[in-house]
$ cat query.csv   # CSV, C-alpha atoms and all ligand atoms
chain,number,residue,atom,x,y,z
A,1,MET,CA,29.6,-50.2,-46.6
A,2,SER,CA,26.1,-50.7,-45.1
A,3,ALA,CA,24.1,-47.8,-43.5
A,4,GLU,CA,24.6,-49.7,-40.2
A,5,SER,CA,28.1,-48.2,-39.8
A,6,THR,CA,28.3,-45.2,-42.2
A,7,PHE,CA,26.7,-41.8,-41.8
A,8,LEU,CA,25.2,-41.0,-45.2
A,9,LYS,CA,25.7,-37.2,-45.1
A,10,GLU,CA,25.5,-36.4,-48.8
A,11,LEU,CA,22.3,-38.3,-49.2
A,12,HIS,CA,20.7,-36.6,-46.2
A,13,VAL,CA,21.6,-33.2,-47.5
A,14,LYS,CA,20.0,-34.2,-50.9
A,15,PHE,CA,16.9,-35.5,-49.1
A,16,ILE,CA,16.4,-32.2,-47.3
A,17,LYS,CA,17.3,-30.0,-50.2
A,18,GLN,CA,14.7,-31.9,-52.3
A,19,LEU,CA,12.0,-31.0,-49.8
A,20,ASP,CA,12.7,-27.3,-50.5
A,21,ASP,CA,12.9,-27.8,-54.2
A,22,ASN,CA,9.4,-29.4,-54.2
A,23,LYS,CA,7.6,-26.3,-52.8
A,24,ASP,CA,4.4,-27.3,-54.5
A,25,GLU,CA,4.2,-30.6,-52.6
A,26,LEU,CA,3.7,-29.3,-49.2
A,27,GLU,CA,2.8,-32.6,-47.7
A,28,TYR,CA,6.6,-33.1,-47.8
A,29,TRP,CA,6.6,-31.0,-44.7
A,30,THR,CA,4.3,-33.4,-42.7
A,31,GLY,CA,1.5,-30.9,-43.3
A,32,GLU,CA,1.2,-27.3,-44.3
A,33,HIS,CA,0.5,-26.1,-40.7
A,34,LEU,CA,3.8,-27.5,-39.5
A,35,ARG,CA,5.9,-25.8,-42.2
A,36,LEU,CA,7.7,-23.1,-40.2
A,37,SER,CA,8.9,-25.8,-37.7
A,38,GLY,CA,9.8,-28.0,-40.7
A,39,VAL,CA,12.1,-25.2,-42.0
A,40,TYR,CA,13.7,-25.0,-38.6
A,41,TRP,CA,14.3,-28.8,-38.5
A,42,ALA,CA,15.6,-28.8,-42.0
A,43,LEU,CA,17.9,-25.8,-41.5
A,44,THR,CA,19.3,-27.2,-38.2
A,45,ALA,CA,20.0,-30.6,-39.8
A,46,LEU,CA,21.8,-28.9,-42.7
A,47,ASP,CA,23.8,-26.6,-40.5
A,48,LEU,CA,24.9,-29.4,-38.2
A,49,MET,CA,26.0,-31.2,-41.4
A,50,HIS,CA,28.0,-28.1,-42.5
A,51,SER,CA,25.6,-27.6,-45.4
A,52,LEU,CA,23.6,-24.5,-44.5
A,53,GLU,CA,24.1,-23.1,-48.0
A,54,ALA,CA,21.8,-25.8,-49.5
A,55,PHE,CA,18.9,-23.4,-48.7
A,56,GLN,CA,18.6,-19.9,-50.1
A,57,LYS,CA,18.9,-17.6,-47.1
A,58,GLU,CA,16.8,-14.7,-48.5
A,59,GLU,CA,14.1,-17.0,-49.7
A,60,VAL,CA,13.8,-18.7,-46.3
A,61,LEU,CA,13.8,-15.3,-44.5
A,62,GLU,CA,11.0,-14.1,-46.9
A,63,PHE,CA,8.9,-17.1,-45.9
A,64,VAL,CA,9.6,-16.6,-42.2
A,65,LEU,CA,8.5,-13.0,-42.5
A,66,SER,CA,5.3,-14.0,-44.2
A,67,CYS,CA,4.5,-16.1,-41.1
A,68,LEU,CA,4.9,-13.2,-38.7
A,69,ASN,CA,1.5,-11.8,-37.6
A,70,ASP,CA,0.6,-8.3,-36.4
A,71,ASP,CA,0.4,-9.6,-32.8
A,72,GLY,CA,4.2,-10.2,-32.9
A,73,GLY,CA,3.9,-14.0,-33.0
A,74,PHE,CA,4.5,-16.5,-35.8
A,75,GLY,CA,2.0,-18.9,-37.4
A,76,GLY,CA,3.0,-22.2,-38.8
A,77,PHE,CA,2.3,-21.0,-42.3
A,78,THR,CA,1.5,-17.8,-44.1
A,79,GLY,CA,-1.9,-16.5,-42.8
A,80,TYR,CA,-2.1,-18.9,-39.8
A,81,ASP,CA,-2.7,-17.7,-36.3
A,82,SER,CA,0.3,-17.1,-34.0
A,83,HIS,CA,1.4,-19.9,-31.6
A,84,LEU,CA,4.4,-20.2,-29.3
A,85,LEU,CA,5.5,-23.4,-31.0
A,86,TYR,CA,6.0,-21.6,-34.3
A,87,THR,CA,7.2,-18.4,-32.7
A,88,LEU,CA,10.2,-20.3,-31.3
A,89,SER,CA,10.8,-21.9,-34.7
A,90,GLY,CA,10.7,-18.5,-36.3
A,91,VAL,CA,13.2,-17.0,-33.8
A,92,GLN,CA,15.5,-20.1,-34.1
A,93,ILE,CA,15.7,-19.6,-37.9
A,94,LEU,CA,16.4,-15.9,-37.5
A,95,ALA,CA,19.1,-16.6,-34.9
A,96,THR,CA,20.7,-19.2,-37.2
A,97,TYR,CA,20.8,-16.7,-40.0
A,98,ASN,CA,22.0,-13.9,-37.6
A,99,ALA,CA,19.0,-11.9,-38.8
A,100,LEU,CA,17.2,-11.2,-35.5
A,101,ASP,CA,17.9,-7.4,-35.9
A,102,ARG,CA,15.9,-7.4,-39.2
A,103,PHE,CA,12.7,-7.9,-37.2
A,104,ASP,CA,10.8,-6.0,-34.5
A,105,LYS,CA,12.2,-8.0,-31.6
A,106,GLU,CA,10.2,-6.1,-29.0
A,107,LYS,CA,6.9,-7.1,-30.7
A,108,ILE,CA,7.9,-10.7,-30.5
A,109,VAL,CA,8.9,-10.3,-26.8
A,110,GLU,CA,5.5,-8.7,-26.2
A,111,PHE,CA,3.6,-11.6,-27.8
A,112,VAL,CA,5.5,-14.2,-25.7
A,113,SER,CA,5.3,-12.3,-22.4
A,114,CYS,CA,1.5,-11.8,-22.7
A,115,LEU,CA,1.0,-15.5,-22.8
A,116,GLN,CA,2.3,-16.0,-19.2
A,117,ASP,CA,-0.3,-16.6,-16.5
A,118,ARG,CA,1.0,-14.3,-13.8
A,119,THR,CA,-0.7,-16.4,-11.1
A,120,SER,CA,0.6,-19.9,-11.9
A,121,GLY,CA,3.7,-18.9,-13.9
A,122,ALA,CA,2.6,-21.3,-16.8
A,123,PHE,CA,2.4,-20.3,-20.4
A,124,ARG,CA,-0.5,-20.6,-22.8
A,125,GLY,CA,0.4,-21.7,-26.3
A,126,ASP,CA,-1.8,-19.1,-27.9
A,127,LYS,CA,-4.9,-17.0,-27.3
A,128,TRP,CA,-7.0,-20.2,-26.9
A,129,GLY,CA,-5.3,-20.9,-23.6
A,130,GLU,CA,-4.0,-24.5,-23.5
A,131,VAL,CA,-1.2,-24.8,-20.9
A,132,ASP,CA,1.7,-27.2,-21.3
A,133,THR,CA,5.3,-27.3,-20.2
A,134,ARG,CA,6.2,-27.4,-23.9
A,135,PHE,CA,5.0,-23.9,-24.1
A,136,SER,CA,7.0,-22.9,-21.0
A,137,TYR,CA,10.0,-24.2,-22.8
A,138,CYS,CA,9.1,-22.4,-26.1
A,139,ALA,CA,8.6,-19.1,-24.3
A,140,LEU,CA,11.8,-19.3,-22.2
A,141,SER,CA,14.0,-20.5,-25.0
A,142,CYS,CA,12.6,-17.9,-27.4
A,143,LEU,CA,13.1,-15.0,-24.9
A,144,SER,CA,16.6,-16.2,-24.0
A,145,LEU,CA,17.5,-16.2,-27.7
A,146,LEU,CA,16.2,-12.7,-27.9
A,147,GLY,CA,18.1,-11.7,-24.7
A,148,ARG,CA,14.9,-10.7,-23.0
A,149,LEU,CA,14.2,-13.2,-20.2
A,150,ASP,CA,13.5,-10.2,-18.0
A,151,ALA,CA,10.2,-9.7,-19.9
A,152,VAL,CA,8.5,-12.5,-17.9
A,153,ASP,CA,8.4,-13.6,-14.3
A,154,VAL,CA,11.2,-16.2,-14.4
A,155,PRO,CA,10.9,-17.5,-10.8
A,156,LEU,CA,7.2,-18.1,-11.2
A,157,ALA,CA,7.8,-19.8,-14.6
A,158,VAL,CA,10.3,-22.1,-12.9
A,159,ASN,CA,7.9,-22.7,-10.0
A,160,PHE,CA,5.3,-24.0,-12.4
A,161,ILE,CA,7.8,-26.4,-14.0
A,162,ASP,CA,8.9,-27.6,-10.6
A,163,ARG,CA,5.2,-28.4,-9.8
A,164,CYS,CA,5.2,-30.7,-12.9
A,165,LYS,CA,8.0,-32.9,-11.3
A,166,ASN,CA,6.9,-36.5,-10.5
A,167,PHE,CA,7.8,-39.1,-7.9
A,168,ASP,CA,10.1,-40.8,-10.5
A,169,GLY,CA,12.1,-37.6,-11.0
A,170,GLY,CA,10.6,-36.9,-14.4
A,171,TYR,CA,8.2,-34.2,-15.7
A,172,GLY,CA,4.9,-34.2,-17.4
A,173,ASN,CA,2.9,-31.6,-19.4
A,174,VAL,CA,1.0,-30.2,-16.4
A,175,PRO,CA,1.2,-30.9,-12.7
A,176,GLY,CA,0.2,-34.5,-11.9
A,177,SER,CA,0.6,-35.8,-15.4
A,178,GLU,CA,2.9,-38.7,-16.2
A,179,SER,CA,6.6,-38.4,-17.0
A,180,HIS,CA,7.4,-38.3,-20.8
A,181,ALA,CA,10.9,-37.9,-22.3
A,182,GLY,CA,9.6,-35.1,-24.6
A,183,GLN,CA,8.3,-33.1,-21.7
A,184,ILE,CA,11.4,-33.9,-19.7
A,185,PHE,CA,13.5,-32.2,-22.5
A,186,CYS,CA,11.2,-29.2,-22.3
A,187,CYS,CA,11.4,-28.9,-18.5
A,188,VAL,CA,15.1,-29.7,-18.1
A,189,GLY,CA,15.8,-27.4,-21.0
A,190,ALA,CA,13.8,-24.6,-19.5
A,191,LEU,CA,15.4,-25.1,-16.1
A,192,SER,CA,18.9,-25.1,-17.7
A,193,ILE,CA,18.2,-21.9,-19.7
A,194,THR,CA,17.0,-20.2,-16.5
A,195,LYS,CA,20.0,-21.6,-14.5
A,196,SER,CA,17.6,-23.6,-12.2
A,197,LEU,CA,19.0,-27.1,-12.7
A,198,HIS,CA,19.5,-27.4,-8.9
A,199,LEU,CA,15.8,-28.2,-8.8
A,200,VAL,CA,16.3,-31.4,-10.7
A,201,ASP,CA,17.1,-34.7,-8.9
A,202,ALA,CA,19.8,-35.5,-11.5
A,203,ASP,CA,20.6,-39.0,-10.2
A,204,GLN,CA,17.0,-40.1,-10.0
A,205,LEU,CA,16.0,-38.5,-13.4
A,206,GLY,CA,19.3,-39.6,-15.0
A,207,TRP,CA,18.5,-43.2,-14.0
A,208,TRP,CA,14.9,-42.9,-15.4
A,209,LEU,CA,16.4,-41.6,-18.7
A,210,ALA,CA,19.1,-44.2,-18.9
A,211,GLU,CA,16.4,-46.9,-18.5
A,212,ARG,CA,14.9,-45.7,-21.8
A,213,GLN,CA,17.7,-47.5,-23.7
A,214,LEU,CA,16.4,-50.9,-25.1
A,215,LYS,CA,18.3,-54.0,-26.1
A,216,ASN,CA,18.5,-52.8,-29.7
A,217,GLY,CA,20.3,-49.6,-28.6
A,218,GLY,CA,17.4,-47.3,-29.3
A,219,LEU,CA,15.7,-45.1,-26.8
A,220,ASN,CA,11.9,-44.9,-26.0
A,221,GLY,CA,10.0,-42.0,-24.5
A,222,ARG,CA,8.3,-43.9,-21.7
A,223,PRO,CA,8.3,-47.4,-20.2
A,224,GLU,CA,6.8,-50.1,-22.4
A,225,LYS,CA,7.0,-47.9,-25.6
A,226,LEU,CA,8.8,-48.6,-28.8
A,227,GLU,CA,12.3,-47.2,-29.5
A,228,ASP,CA,12.2,-44.1,-31.8
A,229,VAL,CA,15.0,-42.0,-33.3
A,230,CYS,CA,13.5,-38.7,-32.1
A,231,TYR,CA,14.0,-39.9,-28.5
A,232,SER,CA,17.7,-40.0,-29.2
A,233,TRP,CA,17.2,-36.3,-28.9
A,234,TRP,CA,14.7,-35.9,-26.1
A,235,VAL,CA,16.4,-38.4,-23.8
A,236,LEU,CA,20.1,-37.7,-24.8
A,237,SER,CA,19.9,-34.0,-24.6
A,238,SER,CA,18.3,-34.2,-21.2
A,239,LEU,CA,21.1,-36.6,-20.1
A,240,ALA,CA,23.7,-34.1,-21.5
A,241,MET,CA,22.2,-31.2,-19.6
A,242,LEU,CA,22.4,-33.3,-16.4
A,243,ASP,CA,26.0,-34.3,-17.3
A,244,ARG,CA,25.1,-38.0,-17.4
A,245,ILE,CA,25.3,-38.9,-21.1
A,246,HIS,CA,27.8,-41.7,-20.2
A,247,TRP,CA,25.0,-43.5,-18.4
A,248,ILE,CA,23.8,-45.1,-21.7
A,249,SER,CA,25.7,-47.1,-24.3
A,250,LYS,CA,26.8,-44.5,-26.8
A,251,ASP,CA,28.0,-47.0,-29.5
A,252,HIS,CA,24.8,-48.9,-29.2
A,253,LEU,CA,22.7,-45.8,-29.7
A,254,ARG,CA,24.8,-44.6,-32.6
A,255,LYS,CA,24.3,-47.9,-34.4
A,256,PHE,CA,20.6,-47.7,-33.8
A,257,ILE,CA,20.4,-44.2,-35.3
A,258,LEU,CA,22.5,-45.2,-38.3
A,259,SER,CA,20.3,-48.2,-38.9
A,260,ALA,CA,17.3,-45.9,-39.4
A,261,GLN,CA,18.9,-44.1,-42.3
A,262,ASP,CA,17.2,-44.6,-45.7
A,263,GLU,CA,20.1,-45.8,-48.0
A,264,GLU,CA,18.2,-45.0,-51.1
A,265,THR,CA,16.4,-41.7,-50.6
A,266,GLY,CA,18.5,-40.3,-47.7
A,267,GLY,CA,16.8,-39.0,-44.5
A,268,ILE,CA,16.3,-40.8,-41.2
A,269,ALA,CA,13.1,-42.6,-40.1
A,270,ASP,CA,11.8,-43.3,-36.6
A,271,ARG,CA,13.2,-46.8,-36.9
A,272,ALA,CA,14.7,-49.0,-39.5
A,273,GLY,CA,12.4,-49.9,-42.4
A,274,ASP,CA,10.0,-46.9,-41.9
A,275,TYR,CA,9.8,-43.9,-44.2
A,276,PRO,CA,12.3,-41.1,-43.4
A,277,ASP,CA,11.1,-37.5,-42.6
A,278,VAL,CA,12.8,-34.2,-41.7
A,279,PHE,CA,11.7,-34.4,-38.1
A,280,HIS,CA,13.5,-37.7,-37.4
A,281,THR,CA,16.4,-36.6,-39.6
A,282,VAL,CA,17.2,-33.5,-37.5
A,283,PHE,CA,16.9,-35.4,-34.2
A,284,GLY,CA,19.0,-38.3,-35.5
A,285,VAL,CA,21.7,-35.9,-36.7
A,286,ALA,CA,21.5,-33.8,-33.5
A,287,GLY,CA,21.7,-37.1,-31.5
A,288,LEU,CA,24.8,-38.2,-33.4
A,289,SER,CA,26.4,-34.8,-32.7
A,290,LEU,CA,25.7,-35.1,-29.0
A,291,LEU,CA,27.3,-38.6,-29.1
A,292,GLY,CA,30.5,-36.9,-30.3
A,293,ASP,CA,30.5,-37.4,-34.0
A,294,GLU,CA,33.3,-35.1,-35.1
A,295,THR,CA,32.2,-34.8,-38.7
A,296,LEU,CA,29.2,-32.8,-37.4
A,297,LYS,CA,29.0,-29.4,-35.8
A,298,LYS,CA,28.4,-29.5,-32.1
A,299,VAL,CA,24.8,-29.0,-31.0
A,300,ASP,CA,23.7,-27.1,-27.9
A,301,PRO,CA,21.4,-29.5,-25.9
A,302,ARG,CA,19.5,-26.7,-24.3
A,303,TYR,CA,18.3,-25.1,-27.6
A,304,CYS,CA,18.7,-27.9,-30.2
A,305,MET,CA,20.8,-25.4,-32.3
A,306,PRO,CA,24.4,-25.4,-33.2
A,307,VAL,CA,26.7,-24.3,-30.4
A,308,TYR,CA,28.3,-21.6,-32.6
A,309,VAL,CA,24.9,-19.9,-32.9
A,310,THR,CA,24.2,-19.9,-29.1
A,311,ASN,CA,27.8,-18.7,-28.5
A,312,ARG,CA,27.3,-15.9,-31.0
A,313,LEU,CA,24.3,-14.8,-28.9
A,314,GLY,CA,26.4,-14.9,-25.7
A,315,LEU,CA,24.5,-17.9,-24.3
A,316,GLY,CA,27.5,-20.1,-23.8
A,317,SER,CA,26.8,-22.5,-20.8
A,401,LIG,C1,7.2,-35.9,-28.2
A,401,LIG,O1,6.2,-35.7,-29.1
A,401,LIG,C2,7.9,-34.7,-27.9
A,401,LIG,C3,7.6,-33.7,-27.1
A,401,LIG,C4,6.3,-33.7,-26.3
A,401,LIG,C5,8.5,-32.5,-26.9
A,401,LIG,C6,8.1,-31.4,-27.9
A,401,LIG,C7,9.0,-30.2,-27.7
A,401,LIG,C8,8.8,-29.0,-28.2
A,401,LIG,C9,7.6,-28.8,-29.1
A,401,LIG,C10,9.7,-27.9,-27.9
A,401,LIG,C11,10.5,-27.4,-29.1
A,401,LIG,C12,11.5,-28.4,-29.5
A,401,LIG,C13,12.8,-28.1,-29.9
A,401,LIG,C14,13.7,-29.2,-30.3
A,401,LIG,C15,13.4,-26.7,-30.1
A,401,LIG,P1,5.3,-36.8,-29.8
A,401,LIG,O2,4.0,-36.2,-30.0
A,401,LIG,O3,6.0,-37.5,-30.9
A,401,LIG,O4,5.1,-37.9,-28.6
A,401,LIG,P2,4.8,-39.4,-28.7
A,401,LIG,O5,6.1,-40.1,-29.0
A,401,LIG,O6,4.3,-39.8,-27.3
A,401,LIG,O7,3.7,-39.6,-29.7
A,402,ZN,ZN,9.5,-40.1,-33.3
$ encode --input "query.csv" --output "structure tokens" --more "lines below"
Ligand code: FPP
Ligand code: ZN
Amino acid sequence: MSAESTFLKELHVKFIKQLDDNKDELEYWTGEHLRLSGVYWALTALDLMHSLEAFQKEEVLEFVLSCLNDDGGFGGFTGYDSHLLYTLSGVQILATYNALDRFDKEKIVEFVSCLQDRTSGAFRGDKWGEVDTRFSYCALSCLSLLGRLDAVDVPLAVNFIDRCKNFDGGYGNVPGSESHAGQIFCCVGALSITKSLHLVDADQLGWWLAERQLKNGGLNGRPEKLEDVCYSWWVLSSLAMLDRIHWISKDHLRKFILSAQDEETGGIADRAGDYPDVFHTVFGVAGLSLLGDETLKKVDPRYCMPVYVTNRLGLGS
């Protein structure tokens, strides 16, 4: 059968496992500095495919620990400066392995909470100070996984996100910046995690998101852009949080994701014919899970983690 209609699970597991086996070839992880996030993408894809055991738990935890800095944050790789992007990935991996208690949670909480600007409510990504709704999401998701949302000013954080809302119902990276499906995932995710979804104009934003589906079934991230498998996640998870997933054609999107599978090497690419990578593989797999594929574990649209993990942490919606 062609990849158009079959999900090539065994091949995808092999593709991801091979990345871990080739530790000397770090370019496999789309660049050394992205490695901790790469581990989170790989682990989440494996877990959703019921194959978590393909990675050695203790080996992964040892690597995660090596990325933890004295300031309580995680760098993208051993010896790199802490950043909220990698701190979230580190916490997500620990949560998946049920290993949060093995680390100094309070130190991590302190790193995250110090990055909030107590005037605007926004979050800086690191000590250098760039502000972006991606970092608001990372901080709030991370603290929620740690059960410590109380460590920051949540109403102020929510207010900053609300100020990033545009006339089209979408959200950008800072106030006044154009709507982008990746940032919309971050803002809707953060609002959902903080139980503030009433601030979203769900019909207007749902319409904007549904408009992202193109004739070939794929989704783009902004008007006039090409379809891309990773937007199966950014757009679909946002629609799921707004309870409007049925506003797009699910069958059509499933076919598009399956068409981007590499039938020889395994793995999923941004679109058919391109090289597969672990980033598009996790978002393709997570997208298929949201579309209701029963051979996969259910994914939590707020956290991009398996539902059993967020349930175990008492974060059920
Ligand atoms: C598009 O990226 C995606 C975003 C802007 C969202 C990124 C979200 C995070 C970093 C939060 C953590 C995510 C998860 C799943 C836990 P892009 O640079 O590919 O955009 P482009 O398509 O415009 O190039
Ligand atoms: Zn992409």
$ closest_atom_pairs --input "query.csv" --of "region 282-302 of chain A" --to "region 254-258 of chain A" --cutoff "9 Å" --atoms "all atoms listed in the file" --output "CSV"
residue,atom,partner,partner_atom,distance
A:Gly284,CA,A:Ile257,CA,6.1
A:Val285,CA,A:Ile257,CA,8.5
A:Gly287,CA,A:Ile257,CA,8.2
A:Leu288,CA,A:Arg254,CA,6.4
A:Leu291,CA,A:Arg254,CA,7.4
$ atom_distance --input "query.csv" --atom1 "CA of Asp243 (chain A)" --atom2 "CA of Ser192 (chain A)"
11.6 Å
$ residues_near_ligand --input "query.csv" --ligand "ligand LIG 401 (chain A)" --cutoff "6 Å" --atoms "all atoms listed in the file" --output "list of chain:residue names"
A:Arg134, A:Cys138, A:Gly182, A:Gln183, A:Cys186, A:Tyr303, A:Cys304
$ closest_residue --input "query.csv" --among "A:Leu296, A:Leu149, A:Val282, A:Ile248" --to "ligand ZN 402 (chain A)" --atoms "only C-alpha atoms and all ligand atoms"
A:Val282
$ residues_around --input "query.csv" --residues "Pro155 (chain A)" --least-positions-apart "5" --cutoff "10 Å" --atoms "all atoms listed in the file" --output "PyMOL selection string"
chain A and resi 121+160-161+194+196
$ residues_near_ligand --input "query.csv" --ligand "ligand ZN 402 (chain A)" --cutoff "10 Å" --atoms "only C-alpha atoms and all ligand atoms" --output "list in words"
Asn220, Gly221, Leu226, Glu227, Asp228, Val229, Cys230, Tyr231, Ser232, Trp233, Trp234, Ala269, Asp270, Arg271, Asp277, Phe279, His280, Thr281, Phe283 and Gly284 of chain A
$ closest_residue --input "query.csv" --among "A:Arg244, A:Arg118, A:Arg302, A:Arg148" --to "Val188 (chain A)" --atoms "all atoms listed in the file"
A:Arg302
$ closest_residue --input "query.csv" --among "A:Lys57, A:Met305, A:Leu253, A:Glu178" --to "Leu88 (chain A)" --atoms "all atoms listed in the file"
A:Met305
$ closest_residue --input "query.csv" --among "A:Ser249, A:Pro306, A:Val152, A:Gly72" --to "Leu52 (chain A)" --atoms "only C-alpha atoms"
A:Pro306
$ closest_residue --input "query.csv" --among "A:Ser177, A:Leu143, A:Asp104, A:Cys187" --to "Asp162 (chain A)" --atoms "only C-alpha atoms"
A:Cys187
$ residues_around --input "query.csv" --residues "Asp262 (chain A)" --least-positions-apart "5" --cutoff "12 Å" --atoms "only C-alpha atoms" --output "number ranges by chain"
A: 2-4, 6-9, 11-12, 14-15, 257, 267-278, 280-281
$ closest_residue --input "query.csv" --among "A:Cys67, A:Ile184, A:Val13, A:Leu48" --to "Asp300 (chain A)" --atoms "all atoms listed in the file"
A:Leu48
$ residues_near_point --input "query.csv" --point "(7.7, -43.3, -10.8)" --cutoff "9 Å" --atoms "all atoms listed in the file" --output "list in words"
Asn166, Phe167, Asp168, Gly169, Gly170, Glu178, Ser179 and Trp208 of chain A
$ residues_around --input "query.csv" --residues "Arg163 (chain A)" --least-positions-apart "2" --cutoff "10 Å" --atoms "only C-alpha atoms" --output "list of chain:residue names"
A:Ser120, A:Val158, A:Asn159, A:Phe160, A:Ile161, A:Lys165, A:Asn166, A:Tyr171, A:Gly172, A:Val174, A:Pro175, A:Gly176
$ atom_distance --input "query.csv" --atom1 "CA of Glu59 (chain A)" --atom2 "CA of Leu36 (chain A)"
13.0 Å
$ residues_around --input "query.csv" --residues "Met241 (chain A)" --least-positions-apart "3" --cutoff "7 Å" --atoms "only C-alpha atoms" --output "ChimeraX atom specification"
/A:237-238,301
$ atom_distance --input "query.csv" --atom1 "CA of Ser136 (chain A)" --atom2 "CA of Asp71 (chain A)"
19.0 Å
$ residues_around --input "query.csv" --residues "Thr78 (chain A)" --least-positions-apart "6" --cutoff "8 Å" --atoms "all atoms listed in the file" --output "PyMOL selection string"
chain A and resi 63+66-68
